[in-house]
file final03.cif (mmCIF, C-alpha atoms)
data_model
#
loop_
_atom_site.group_PDB
_atom_site.id
_atom_site.type_symbol
_atom_site.label_atom_id
_atom_site.label_comp_id
_atom_site.auth_asym_id
_atom_site.auth_seq_id
_atom_site.Cartn_x
_atom_site.Cartn_y
_atom_site.Cartn_z
ATOM 1 C CA MET A 1 -11.331 -37.817 7.089
ATOM 2 C CA ALA A 2 -10.456 -36.576 10.600
ATOM 3 C CA SER A 3 -13.470 -34.265 10.555
ATOM 4 C CA HIS A 4 -17.231 -34.149 10.983
ATOM 5 C CA CYS A 5 -18.857 -35.721 7.930
ATOM 6 C CA GLN A 6 -22.483 -35.718 6.868
ATOM 7 C CA VAL A 7 -24.743 -37.134 4.165
ATOM 8 C CA ARG A 8 -28.159 -35.540 3.739
ATOM 9 C CA VAL A 9 -30.428 -36.946 1.080
ATOM 10 C CA TYR A 10 -34.111 -36.926 0.157
ATOM 11 C CA ALA A 11 -35.265 -40.469 -0.603
ATOM 12 C CA PRO A 12 -38.581 -42.275 -1.224
ATOM 13 C CA ASP A 13 -38.492 -43.843 2.246
ATOM 14 C CA GLU A 14 -36.230 -44.411 5.224
ATOM 15 C CA SER A 15 -34.895 -47.760 4.027
ATOM 16 C CA VAL A 16 -33.826 -46.298 0.682
ATOM 17 C CA ALA A 17 -32.279 -43.324 2.459
ATOM 18 C CA ARG A 18 -30.243 -45.711 4.623
ATOM 19 C CA GLU A 19 -29.192 -47.781 1.606
ATOM 20 C CA TRP A 20 -28.063 -44.708 -0.286
ATOM 21 C CA SER A 21 -26.285 -43.187 2.710
ATOM 22 C CA ASP A 22 -24.473 -46.425 3.531
ATOM 23 C CA ALA A 23 -23.227 -46.646 -0.058
ATOM 24 C CA ALA A 24 -21.953 -43.063 0.036
ATOM 25 C CA ILE A 25 -20.225 -43.578 3.383
ATOM 26 C CA ALA A 26 -18.594 -46.763 2.106
ATOM 27 C CA GLU A 27 -17.245 -44.874 -0.900
ATOM 28 C CA VAL A 28 -15.742 -42.164 1.306
ATOM 29 C CA ARG A 29 -14.117 -44.797 3.502
ATOM 30 C CA ARG A 30 -12.758 -46.583 0.438
ATOM 31 C CA ILE A 31 -11.037 -43.432 -0.780
ATOM 32 C CA GLU A 32 -9.707 -42.585 2.668
ATOM 33 C CA SER A 33 -8.258 -46.083 3.029
ATOM 34 C CA LYS A 34 -6.766 -46.005 -0.456
ATOM 35 C CA TYR A 35 -5.025 -42.645 -0.179
ATOM 36 C CA SER A 36 -4.363 -42.058 3.528
ATOM 37 C CA ARG A 37 -0.686 -41.505 4.283
ATOM 38 C CA TYR A 38 -1.359 -42.933 7.757
ATOM 39 C CA ARG A 39 -2.124 -46.442 6.467
ATOM 40 C CA ASP A 40 0.619 -48.937 5.678
ATOM 41 C CA ASP A 41 -1.538 -50.544 2.977
ATOM 42 C CA SER A 42 -2.506 -47.368 1.088
ATOM 43 C CA VAL A 43 -1.516 -46.414 -2.441
ATOM 44 C CA THR A 44 0.131 -43.288 -1.054
ATOM 45 C CA THR A 45 2.344 -45.300 1.293
ATOM 46 C CA ALA A 46 3.311 -47.703 -1.506
ATOM 47 C CA ILE A 47 4.354 -44.798 -3.724
ATOM 48 C CA ASN A 48 6.330 -43.096 -0.970
ATOM 49 C CA CYS A 49 8.074 -46.302 0.094
ATOM 50 C CA ALA A 50 9.247 -46.747 -3.485
ATOM 51 C CA ALA A 51 10.929 -43.320 -3.584
ATOM 52 C CA GLY A 52 14.474 -43.555 -4.855
ATOM 53 C CA GLY A 53 13.819 -46.823 -6.632
ATOM 54 C CA ALA A 54 12.330 -47.771 -9.961
ATOM 55 C CA ALA A 55 9.130 -46.252 -11.310
ATOM 56 C CA ILE A 56 5.985 -48.075 -10.175
ATOM 57 C CA PRO A 57 2.646 -48.460 -11.962
ATOM 58 C CA VAL A 58 -0.535 -46.870 -10.609
ATOM 59 C CA ASP A 59 -4.188 -47.626 -11.319
ATOM 60 C CA ALA A 60 -6.461 -45.455 -13.457
ATOM 61 C CA GLU A 61 -8.094 -43.643 -10.525
ATOM 62 C CA THR A 62 -4.744 -42.646 -9.060
ATOM 63 C CA ALA A 63 -3.478 -41.649 -12.502
ATOM 64 C CA ALA A 64 -6.432 -39.277 -12.912
ATOM 65 C CA LEU A 65 -5.649 -37.619 -9.561
ATOM 66 C CA LEU A 66 -1.985 -37.277 -10.503
ATOM 67 C CA ASP A 67 -2.934 -35.712 -13.842
ATOM 68 C CA PHE A 68 -5.173 -33.228 -12.026
ATOM 69 C CA ALA A 69 -2.400 -32.381 -9.569
ATOM 70 C CA ALA A 70 0.109 -31.904 -12.391
ATOM 71 C CA ALA A 71 -2.245 -29.560 -14.255
ATOM 72 C CA LEU A 72 -2.965 -27.580 -11.100
ATOM 73 C CA HIS A 73 0.746 -27.301 -10.318
ATOM 74 C CA ALA A 74 1.330 -25.752 -13.727
ATOM 75 C CA GLN A 75 -1.672 -23.446 -13.531
ATOM 76 C CA SER A 76 -0.759 -22.230 -10.034
ATOM 77 C CA GLU A 77 2.894 -21.582 -10.942
ATOM 78 C CA GLY A 78 4.029 -24.208 -8.470
ATOM 79 C CA LEU A 79 1.900 -23.169 -5.496
ATOM 80 C CA PHE A 80 -0.108 -26.392 -5.502
ATOM 81 C CA ASP A 81 2.382 -29.202 -5.051
ATOM 82 C CA LEU A 82 1.625 -32.783 -3.972
ATOM 83 C CA THR A 83 5.236 -33.197 -2.818
ATOM 84 C CA SER A 84 5.158 -30.427 -0.193
ATOM 85 C CA GLY A 85 4.006 -32.739 2.589
ATOM 86 C CA VAL A 86 7.588 -33.432 3.651
ATOM 87 C CA LEU A 87 7.607 -29.929 5.131
ATOM 88 C CA ARG A 88 5.622 -31.398 8.028
ATOM 89 C CA GLY A 89 9.037 -32.451 9.266
ATOM 90 C CA ALA A 90 9.807 -28.800 9.987
ATOM 91 C CA TRP A 91 6.437 -27.551 11.229
ATOM 92 C CA ASP A 92 5.099 -29.111 14.418
ATOM 93 C CA PHE A 93 1.927 -27.210 15.264
ATOM 94 C CA LYS A 94 1.446 -29.098 18.517
ATOM 95 C CA ALA A 95 4.895 -28.136 19.778
ATOM 96 C CA GLN A 96 4.315 -24.576 18.467
ATOM 97 C CA ARG A 97 7.927 -24.119 17.550
ATOM 98 C CA VAL A 98 9.263 -22.035 14.651
ATOM 99 C CA PRO A 99 11.815 -24.099 12.700
ATOM 100 C CA SER A 100 15.194 -22.826 11.591
ATOM 101 C CA GLN A 101 15.847 -21.851 8.002
ATOM 102 C CA GLU A 102 18.440 -24.630 7.887
ATOM 103 C CA VAL A 103 15.809 -27.279 8.640
ATOM 104 C CA ILE A 104 13.422 -25.859 6.041
ATOM 105 C CA ASP A 105 16.142 -25.629 3.395
ATOM 106 C CA ARG A 106 17.091 -29.263 3.957
ATOM 107 C CA LEU A 107 13.502 -30.400 3.421
ATOM 108 C CA LEU A 108 12.988 -28.158 0.402
ATOM 109 C CA THR A 109 15.506 -30.280 -1.488
ATOM 110 C CA HIS A 110 12.809 -32.981 -1.461
ATOM 111 C CA VAL A 111 9.980 -30.708 -2.627
ATOM 112 C CA GLY A 112 9.005 -30.003 -6.220
ATOM 113 C CA TRP A 113 6.613 -31.635 -8.656
ATOM 114 C CA SER A 114 9.162 -30.954 -11.406
ATOM 115 C CA LYS A 115 11.392 -33.568 -9.743
ATOM 116 C CA VAL A 116 8.698 -36.237 -10.107
ATOM 117 C CA THR A 117 8.821 -38.560 -13.097
ATOM 118 C CA TRP A 118 5.195 -39.064 -14.078
ATOM 119 C CA ARG A 119 4.468 -40.785 -17.351
ATOM 120 C CA ALA A 120 1.152 -42.556 -17.012
ATOM 121 C CA PRO A 121 0.788 -45.195 -15.821
ATOM 122 C CA THR A 122 4.154 -45.127 -13.987
ATOM 123 C CA LEU A 123 5.428 -42.773 -11.305
ATOM 124 C CA ARG A 124 8.854 -42.299 -9.769
ATOM 125 C CA LEU A 125 9.986 -40.133 -6.854
ATOM 126 C CA ASP A 126 13.558 -39.257 -5.971
ATOM 127 C CA ALA A 127 14.886 -40.557 -2.664
ATOM 128 C CA GLY A 128 13.494 -38.615 0.293
ATOM 129 C CA MET A 129 10.441 -37.362 -1.588
ATOM 130 C CA GLU A 130 6.803 -38.046 -0.723
ATOM 131 C CA ILE A 131 3.425 -37.274 -2.176
ATOM 132 C CA ASP A 132 0.341 -36.477 -0.126
ATOM 133 C CA PHE A 133 -3.172 -36.440 -1.570
ATOM 134 C CA GLY A 134 -4.465 -34.580 1.504
ATOM 135 C CA GLY A 135 -4.891 -31.369 -0.473
ATOM 136 C CA ILE A 136 -7.485 -32.912 -2.785
ATOM 137 C CA GLY A 137 -8.540 -36.158 -1.098
ATOM 138 C CA LYS A 138 -11.546 -34.908 0.873
ATOM 139 C CA GLU A 139 -12.933 -32.977 -2.058
ATOM 140 C CA TYR A 140 -12.470 -35.930 -4.395
ATOM 141 C CA ALA A 141 -14.239 -38.199 -1.906
ATOM 142 C CA ALA A 142 -17.157 -35.761 -1.659
ATOM 143 C CA ASP A 143 -17.473 -35.723 -5.444
ATOM 144 C CA ARG A 144 -17.333 -39.499 -5.686
ATOM 145 C CA ALA A 145 -19.916 -40.002 -2.927
ATOM 146 C CA ALA A 146 -22.287 -37.464 -4.511
ATOM 147 C CA THR A 147 -21.877 -39.042 -7.950
ATOM 148 C CA LEU A 148 -22.657 -42.463 -6.494
ATOM 149 C CA LEU A 149 -25.799 -41.105 -4.835
ATOM 150 C CA MET A 150 -26.960 -39.575 -8.106
ATOM 151 C CA ASP A 151 -26.308 -42.858 -9.899
ATOM 152 C CA LEU A 152 -28.520 -44.579 -7.318
ATOM 153 C CA GLY A 153 -31.341 -42.127 -8.003
ATOM 154 C CA ALA A 154 -30.852 -39.275 -5.538
ATOM 155 C CA ARG A 155 -31.748 -35.847 -6.877
ATOM 156 C CA HIS A 156 -31.799 -33.708 -3.721
ATOM 157 C CA GLY A 157 -29.169 -33.640 -1.000
ATOM 158 C CA LEU A 158 -25.526 -33.035 -0.184
ATOM 159 C CA VAL A 159 -22.312 -34.618 1.032
ATOM 160 C CA ASN A 160 -20.364 -32.597 3.602
ATOM 161 C CA LEU A 161 -16.852 -33.761 4.478
ATOM 162 C CA GLY A 162 -15.418 -31.424 7.069
ATOM 163 C CA GLY A 163 -16.851 -28.328 5.399
ATOM 164 C CA ASP A 164 -16.092 -29.396 1.826
ATOM 165 C CA VAL A 165 -19.605 -29.725 0.435
ATOM 166 C CA ARG A 166 -20.808 -31.299 -2.800
ATOM 167 C CA ILE A 167 -24.450 -30.597 -3.635
ATOM 168 C CA ILE A 168 -26.521 -33.330 -5.286
ATOM 169 C CA GLY A 169 -29.420 -30.952 -5.864
ATOM 170 C CA PRO A 170 -31.504 -28.378 -3.982
ATOM 171 C CA HIS A 171 -34.013 -29.206 -1.265
ATOM 172 C CA ALA A 172 -37.012 -31.137 -2.536
ATOM 173 C CA ASP A 173 -39.022 -27.897 -2.522
ATOM 174 C CA GLY A 174 -36.471 -26.273 -4.831
ATOM 175 C CA ASN A 175 -34.855 -24.042 -2.229
ATOM 176 C CA ALA A 176 -31.067 -23.791 -2.215
ATOM 177 C CA TRP A 177 -28.937 -25.149 0.593
ATOM 178 C CA LYS A 178 -27.499 -22.458 2.852
ATOM 179 C CA ILE A 179 -23.857 -23.288 3.548
ATOM 180 C CA ALA A 180 -22.259 -21.511 6.494
ATOM 181 C CA VAL A 181 -18.912 -19.762 6.199
ATOM 182 C CA GLN A 182 -16.973 -19.893 9.456
ATOM 183 C CA ASP A 183 -15.666 -16.701 11.025
ATOM 184 C CA PRO A 184 -11.871 -17.138 10.729
ATOM 185 C CA ARG A 185 -11.276 -15.040 13.837
ATOM 186 C CA GLY A 186 -14.434 -15.801 15.807
ATOM 187 C CA ASN A 187 -15.323 -18.430 18.373
ATOM 188 C CA PRO A 188 -15.835 -21.999 17.099
ATOM 189 C CA GLY A 189 -19.200 -22.145 15.374
ATOM 190 C CA ALA A 190 -19.357 -18.418 14.668
ATOM 191 C CA THR A 191 -20.154 -17.570 11.055
ATOM 192 C CA ILE A 192 -19.754 -14.550 8.802
ATOM 193 C CA ALA A 193 -22.162 -15.537 6.037
ATOM 194 C CA HIS A 194 -24.302 -18.254 4.484
ATOM 195 C CA LEU A 195 -23.876 -18.938 0.779
ATOM 196 C CA GLU A 196 -26.856 -20.346 -1.122
ATOM 197 C CA VAL A 197 -25.925 -23.295 -3.329
ATOM 198 C CA SER A 198 -28.391 -25.402 -5.341
ATOM 199 C CA HIS A 199 -25.911 -27.282 -7.513
ATOM 200 C CA GLY A 200 -22.155 -27.749 -7.581
ATOM 201 C CA ALA A 201 -19.898 -27.557 -4.548
ATOM 202 C CA MET A 202 -18.362 -25.265 -1.955
ATOM 203 C CA ALA A 203 -15.001 -25.588 -0.244
ATOM 204 C CA THR A 204 -13.181 -23.367 2.236
ATOM 205 C CA SER A 205 -9.490 -23.001 3.006
ATOM 206 C CA GLY A 206 -8.374 -20.988 6.031
ATOM 207 C CA ASP A 207 -5.569 -20.239 8.456
ATOM 208 C CA TYR A 208 -7.611 -20.878 11.603
ATOM 209 C CA GLU A 209 -7.727 -24.667 12.005
ATOM 210 C CA ARG A 210 -4.037 -25.497 12.426
ATOM 211 C CA TYR A 211 -1.819 -22.662 13.562
ATOM 212 C CA PHE A 212 0.138 -21.203 16.444
ATOM 213 C CA GLU A 213 1.285 -17.733 17.407
ATOM 214 C CA SER A 214 4.816 -16.789 18.371
ATOM 215 C CA ASP A 215 6.215 -13.312 19.065
ATOM 216 C CA GLY A 216 3.031 -11.738 17.762
ATOM 217 C CA ARG A 217 3.075 -13.606 14.437
ATOM 218 C CA ARG A 218 0.571 -16.208 13.286
ATOM 219 C CA TYR A 219 1.976 -19.375 11.672
ATOM 220 C CA SER A 220 -0.616 -21.494 9.858
ATOM 221 C CA HIS A 221 -0.342 -24.894 8.150
ATOM 222 C CA LEU A 222 -0.705 -23.268 4.723
ATOM 223 C CA LEU A 223 2.870 -23.394 3.454
ATOM 224 C CA ASP A 224 4.330 -21.976 0.267
ATOM 225 C CA PRO A 225 6.045 -25.055 -1.234
ATOM 226 C CA ARG A 226 8.676 -22.821 -2.814
ATOM 227 C CA THR A 227 9.844 -21.249 0.451
ATOM 228 C CA GLY A 228 8.642 -23.691 3.105
ATOM 229 C CA TRP A 229 7.111 -20.861 5.158
ATOM 230 C CA PRO A 230 3.454 -20.151 5.994
ATOM 231 C CA VAL A 231 1.647 -17.582 3.889
ATOM 232 C CA GLU A 232 -0.154 -14.605 5.460
ATOM 233 C CA PHE A 233 -2.300 -13.163 2.668
ATOM 234 C CA TRP A 234 -5.737 -14.433 3.690
ATOM 235 C CA ARG A 235 -7.714 -15.540 6.709
ATOM 236 C CA SER A 236 -10.068 -17.692 4.651
ATOM 237 C CA VAL A 237 -11.248 -18.273 1.098
ATOM 238 C CA SER A 238 -14.552 -20.002 0.268
ATOM 239 C CA VAL A 239 -15.233 -20.998 -3.335
ATOM 240 C CA VAL A 240 -18.348 -22.281 -5.101
ATOM 241 C CA ALA A 241 -17.541 -24.313 -8.225
ATOM 242 C CA PRO A 242 -19.121 -27.116 -10.282
ATOM 243 C CA ILE A 243 -17.340 -29.890 -8.348
ATOM 244 C CA ALA A 244 -15.701 -30.076 -4.922
ATOM 245 C CA ILE A 245 -12.199 -30.917 -6.124
ATOM 246 C CA ALA A 246 -12.204 -27.757 -8.267
ATOM 247 C CA ALA A 247 -13.636 -25.606 -5.456
ATOM 248 C CA GLY A 248 -11.019 -26.872 -3.017
ATOM 249 C CA ALA A 249 -8.162 -26.398 -5.454
ATOM 250 C CA CYS A 250 -9.212 -22.827 -6.219
ATOM 251 C CA ALA A 251 -9.555 -22.008 -2.512
ATOM 252 C CA THR A 252 -6.140 -23.461 -1.690
ATOM 253 C CA VAL A 253 -4.335 -21.727 -4.531
ATOM 254 C CA ALA A 254 -5.985 -18.410 -3.643
ATOM 255 C CA MET A 255 -4.917 -18.757 0.007
ATOM 256 C CA LEU A 256 -1.305 -19.142 -1.137
ATOM 257 C CA THR A 257 -1.435 -16.099 -3.434
ATOM 258 C CA PRO A 258 -1.172 -12.343 -2.711
ATOM 259 C CA VAL A 259 -4.540 -10.599 -2.643
ATOM 260 C CA ASP A 260 -4.562 -8.871 -6.048
ATOM 261 C CA ARG A 261 -3.275 -11.927 -7.884
ATOM 262 C CA ALA A 262 -5.589 -14.250 -5.988
ATOM 263 C CA LEU A 263 -8.660 -12.230 -6.937
ATOM 264 C CA LYS A 264 -7.583 -12.201 -10.584
ATOM 265 C CA PHE A 265 -7.052 -15.954 -10.408
ATOM 266 C CA LEU A 266 -10.507 -16.572 -8.931
ATOM 267 C CA ASP A 267 -12.156 -14.256 -11.438
ATOM 268 C CA ALA A 268 -10.403 -16.077 -14.275
ATOM 269 C CA GLN A 269 -11.823 -19.398 -13.047
ATOM 270 C CA GLY A 270 -15.354 -18.011 -13.250
ATOM 271 C CA VAL A 271 -16.242 -19.158 -9.722
ATOM 272 C CA ARG A 272 -18.209 -17.551 -6.897
ATOM 273 C CA TYR A 273 -16.197 -16.761 -3.785
ATOM 274 C CA LEU A 274 -16.149 -15.084 -0.401
ATOM 275 C CA ALA A 275 -12.657 -14.309 0.846
ATOM 276 C CA VAL A 276 -11.368 -12.546 3.952
ATOM 277 C CA ASP A 277 -7.887 -11.056 3.660
ATOM 278 C CA SER A 278 -5.333 -10.741 6.442
ATOM 279 C CA ALA A 279 -6.673 -7.335 7.433
ATOM 280 C CA GLY A 280 -10.217 -8.659 7.772
ATOM 281 C CA GLN A 281 -11.588 -7.113 4.584
ATOM 282 C CA ARG A 282 -14.093 -9.194 2.656
ATOM 283 C CA HIS A 283 -13.966 -9.801 -1.078
ATOM 284 C CA SER A 284 -16.770 -11.566 -2.918
ATOM 285 C CA LYS A 285 -18.262 -12.301 -6.287
#
call {"tool": "encode", "arguments": {"input": "final03.cif", "output": "structure tokens"}}
result
Amino acid sequence: MASHCQVRVYAPDESVAREWSDAAIAEVRRIESKYSRYRDDSVTTAINCAAGGAAIPVDAETAALLDFAAALHAQSEGLFDLTSGVLRGAWDFKAQRVPSQEVIDRLLTHVGWSKVTWRAPTLRLDAGMEIDFGGIGKEYAADRAATLLMDLGARHGLVNLGGDVRIIGPHADGNAWKIAVQDPRGNPGATIAHLEVSHGAMATSGDYERYFESDGRRYSHLLDPRTGWPVEFWRSVSVVAPIAIAAGACATVAMLTPVDRALKFLDAQGVRYLAVDSAGQRHSK
């Protein structure tokens, strides 16, 4: 998952704890291998390599993720889009170079969920298009690992994949887990709050992990798939929801949305949140 990952679980003894943890880790690795765009043998690569050709069938697990992505695309008015990964071709955050509008416009012709032909169980992409499950993959893996642990008998613990946290249950003494919220403008490790979570999940989206500054402007990896340019509405959005994939989706959509609309969106979802806008003002519920 290209991040620090952690499984914490209360178990009857150390051997059971190891058995449970190994099973959860194996499940996370399975999902990473299946959906990583960096692997030649992944489902994602197979789909992308077939772009421009005939529709190809997908398995039930992949179909469920595609259905979720399609629903979220509609609900977010196009802000959440699995096809926006091709915009990486314009934005090189290591080189720290602002692309030309011409380059972005050329790539935008290959962006748009509406251009995808998805009729379960078959999927077809136009030539030049790609999908990328990176926007929901970590959260889905956290949910799957936590569900597996609960099926094995765990009742207290959590799965933390790079800050996307799915809670199995509170500490054995009943106390909630305290999940740190990183300071989006502070030193690494600095926090602005700790949210107490006993059940459900918490995910954070922010502009501080992959970005560069040029001519006094901050360019983050959070791109509006309709324009191809980074958004600048928020520094970070943390969401507590029943499952990690929902928390992550809400946080991502909010980050891509102007402040007033984002707050209305989060309120409509009925989730808890702590958000820091571009001016540094905090909003919470």
call {"tool": "residues_near_point", "arguments": {"input": "final03.cif", "point": "(-8.8, -8.3, 4.4)", "cutoff": "10 Å", "atoms": "only C-alpha atoms", "output": "ChimeraX atom specification"}}
result
/A:233-236,259,275-283
call {"tool": "write_last_selection", "arguments": {"input": "final03.cif", "atoms": "C-alpha atoms", "output": "compact mmCIF listing (two decimals), in the coordinates of the input"}}
result
# COMPACT_ATOMS: atom_id res chain seq x y z
CA PHE A 233 -2.30 -13.16 2.67
CA TRP A 234 -5.74 -14.43 3.69
CA ARG A 235 -7.71 -15.54 6.71
CA SER A 236 -10.07 -17.69 4.65
CA VAL A 259 -4.54 -10.60 -2.64
CA ALA A 275 -12.66 -14.31 0.85
CA VAL A 276 -11.37 -12.55 3.95
CA ASP A 277 -7.89 -11.06 3.66
CA SER A 278 -5.33 -10.74 6.44
CA ALA A 279 -6.67 -7.34 7.43
CA GLY A 280 -10.22 -8.66 7.77
CA GLN A 281 -11.59 -7.11 4.58
CA ARG A 282 -14.09 -9.19 2.66
CA HIS A 283 -13.97 -9.80 -1.08
call {"tool": "closest_atom_pairs", "arguments": {"input": "final03.cif", "of": "stretch 25-131 of chain A", "to": "stretch 146-162 of chain A", "cutoff": "12 Å", "atoms": "only C-alpha atoms", "output": "Markdown table"}}
result
| residue | atom | partner | partner_atom | distance |
| --- | --- | --- | --- | --- |
| A:Ile25 | CA | A:Val159 | CA | 9.5 |
| A:Ala26 | CA | A:Leu148 | CA | 10.4 |
| A:Glu27 | CA | A:Leu148 | CA | 8.1 |
| A:Val28 | CA | A:Leu161 | CA | 9.1 |
| A:Arg29 | CA | A:Leu161 | CA | 11.4 |
| A:Glu32 | CA | A:Leu161 | CA | 11.5 |
call {"tool": "write_last_selection", "arguments": {"input": "final03.cif", "atoms": "C-alpha atoms", "output": "CSV table (one decimal), in the frame of the given file"}}
result
chain,number,residue,atom,x,y,z
A,25,ILE,CA,-20.2,-43.6,3.4
A,26,ALA,CA,-18.6,-46.8,2.1
A,27,GLU,CA,-17.2,-44.9,-0.9
A,28,VAL,CA,-15.7,-42.2,1.3
A,29,ARG,CA,-14.1,-44.8,3.5
A,32,GLU,CA,-9.7,-42.6,2.7
call {"tool": "resolve_selection", "arguments": {"input": "final03.cif", "expression": "the PyMOL selection byres ((chain A and resi 21) around 8)", "output": "ChimeraX atom specification"}}
result
/A:7-9,17-20,22-25,149
call {"tool": "residues_around", "arguments": {"input": "final03.cif", "residues": "stretch 225-228 of chain A", "least_positions_apart": "3", "cutoff": "7 Å", "atoms": "only C-alpha atoms", "output": "list of chain:residue names"}}
result
A:Leu79, A:Asp81, A:Ser84, A:Leu87, A:Ile104, A:Leu108
call {"tool": "resolve_selection", "arguments": {"input": "final03.cif", "expression": "the PyMOL selection byres ((chain A and resi 197-206) around 8)", "output": "ChimeraX atom specification"}}
result
/A:139,163-171,175-179,181,184,195-196,207-209,234-244,247-248,251-252,255
call {"tool": "atom_distance", "arguments": {"input": "final03.cif", "atom1": "atom CA of A:Leu223", "atom2": "atom CA of A:Ala90"}}
result
11.0 Å
call {"tool": "resolve_selection", "arguments": {"input": "final03.cif", "expression": "the PyMOL selection byres ((chain A and resi 111) around 12)", "output": "count of residues only"}}
result
37
call {"tool": "residues_around", "arguments": {"input": "final03.cif", "residues": "A:Ala141", "least_positions_apart": "4", "cutoff": "7 Å", "atoms": "all atoms listed in the file", "output": "PyMOL selection string"}}
result
chain A and resi 28+31+137+145
call {"tool": "residues_near_point", "arguments": {"input": "final03.cif", "point": "(-10.5, -21.2, -13.5)", "cutoff": "12 Å", "atoms": "only C-alpha atoms", "output": "PyMOL selection string"}}
result
chain A and resi 71-72+75-76+239-242+246-251+253-254+262-272
call {"tool": "closest_residue", "arguments": {"input": "final03.cif", "among": "A:Tyr10, A:Phe133, A:Trp118, A:Tyr35", "to": "A:Gly174", "atoms": "only C-alpha atoms"}}
result
A:Tyr10
call {"tool": "atom_distance", "arguments": {"input": "final03.cif", "atom1": "atom CA of A:Thr44", "atom2": "atom CA of A:Gly134"}}
result
10.2 Å
call {"tool": "residues_around", "arguments": {"input": "final03.cif", "residues": "A:Arg124", "least_positions_apart": "2", "cutoff": "8 Å", "atoms": "all atoms listed in the file", "output": "short mmCIF file (atom, residue, chain, number, x, y, z; two decimals) with C-alpha atoms, keeping the file's coordinate frame"}}
result
data_model
loop_
_atom_site.label_atom_id
_atom_site.label_comp_id
_atom_site.auth_asym_id
_atom_site.auth_seq_id
_atom_site.Cartn_x
_atom_site.Cartn_y
_atom_site.Cartn_z
CA ILE A 47 4.35 -44.80 -3.72
CA ALA A 50 9.25 -46.75 -3.48
CA ALA A 51 10.93 -43.32 -3.58
CA GLY A 52 14.47 -43.56 -4.86
CA GLY A 53 13.82 -46.82 -6.63
CA ALA A 54 12.33 -47.77 -9.96
CA ALA A 55 9.13 -46.25 -11.31
CA ILE A 56 5.98 -48.08 -10.18
CA VAL A 116 8.70 -36.24 -10.11
CA THR A 117 8.82 -38.56 -13.10
CA TRP A 118 5.20 -39.06 -14.08
CA THR A 122 4.15 -45.13 -13.99
CA ASP A 126 13.56 -39.26 -5.97
#
call {"tool": "axis_aligned_box", "arguments": {"input": "final03.cif", "around": "stretch 87-93 of chain A", "padding_each_side": "4 Å", "output": "JSON"}}
result
{"center_x": 5.9, "center_y": -29.8, "center_z": 10.2, "size_x": 15.9, "size_y": 13.2, "size_z": 18.1}
call {"tool": "atom_distance", "arguments": {"input": "final03.cif", "atom1": "atom CA of A:Pro230", "atom2": "atom CA of A:Thr257"}}
result
11.4 Å
call {"tool": "closest_residue", "arguments": {"input": "final03.cif", "among": "A:Leu65, A:Ala70, A:Val103, A:Leu274", "to": "A:Asp183", "atoms": "only C-alpha atoms"}}
result
A:Leu274
call {"tool": "closest_residue", "arguments": {"input": "final03.cif", "among": "A:Ala64, A:Val98, A:Ala180, A:Ala172", "to": "A:Trp229", "atoms": "all atoms listed in the file"}}
result
A:Val98
call {"tool": "closest_residue", "arguments": {"input": "final03.cif", "among": "A:Asp173, A:Glu102, A:Asp143, A:Glu232", "to": "A:Ser220", "atoms": "all atoms listed in the file"}}
result
A:Glu232
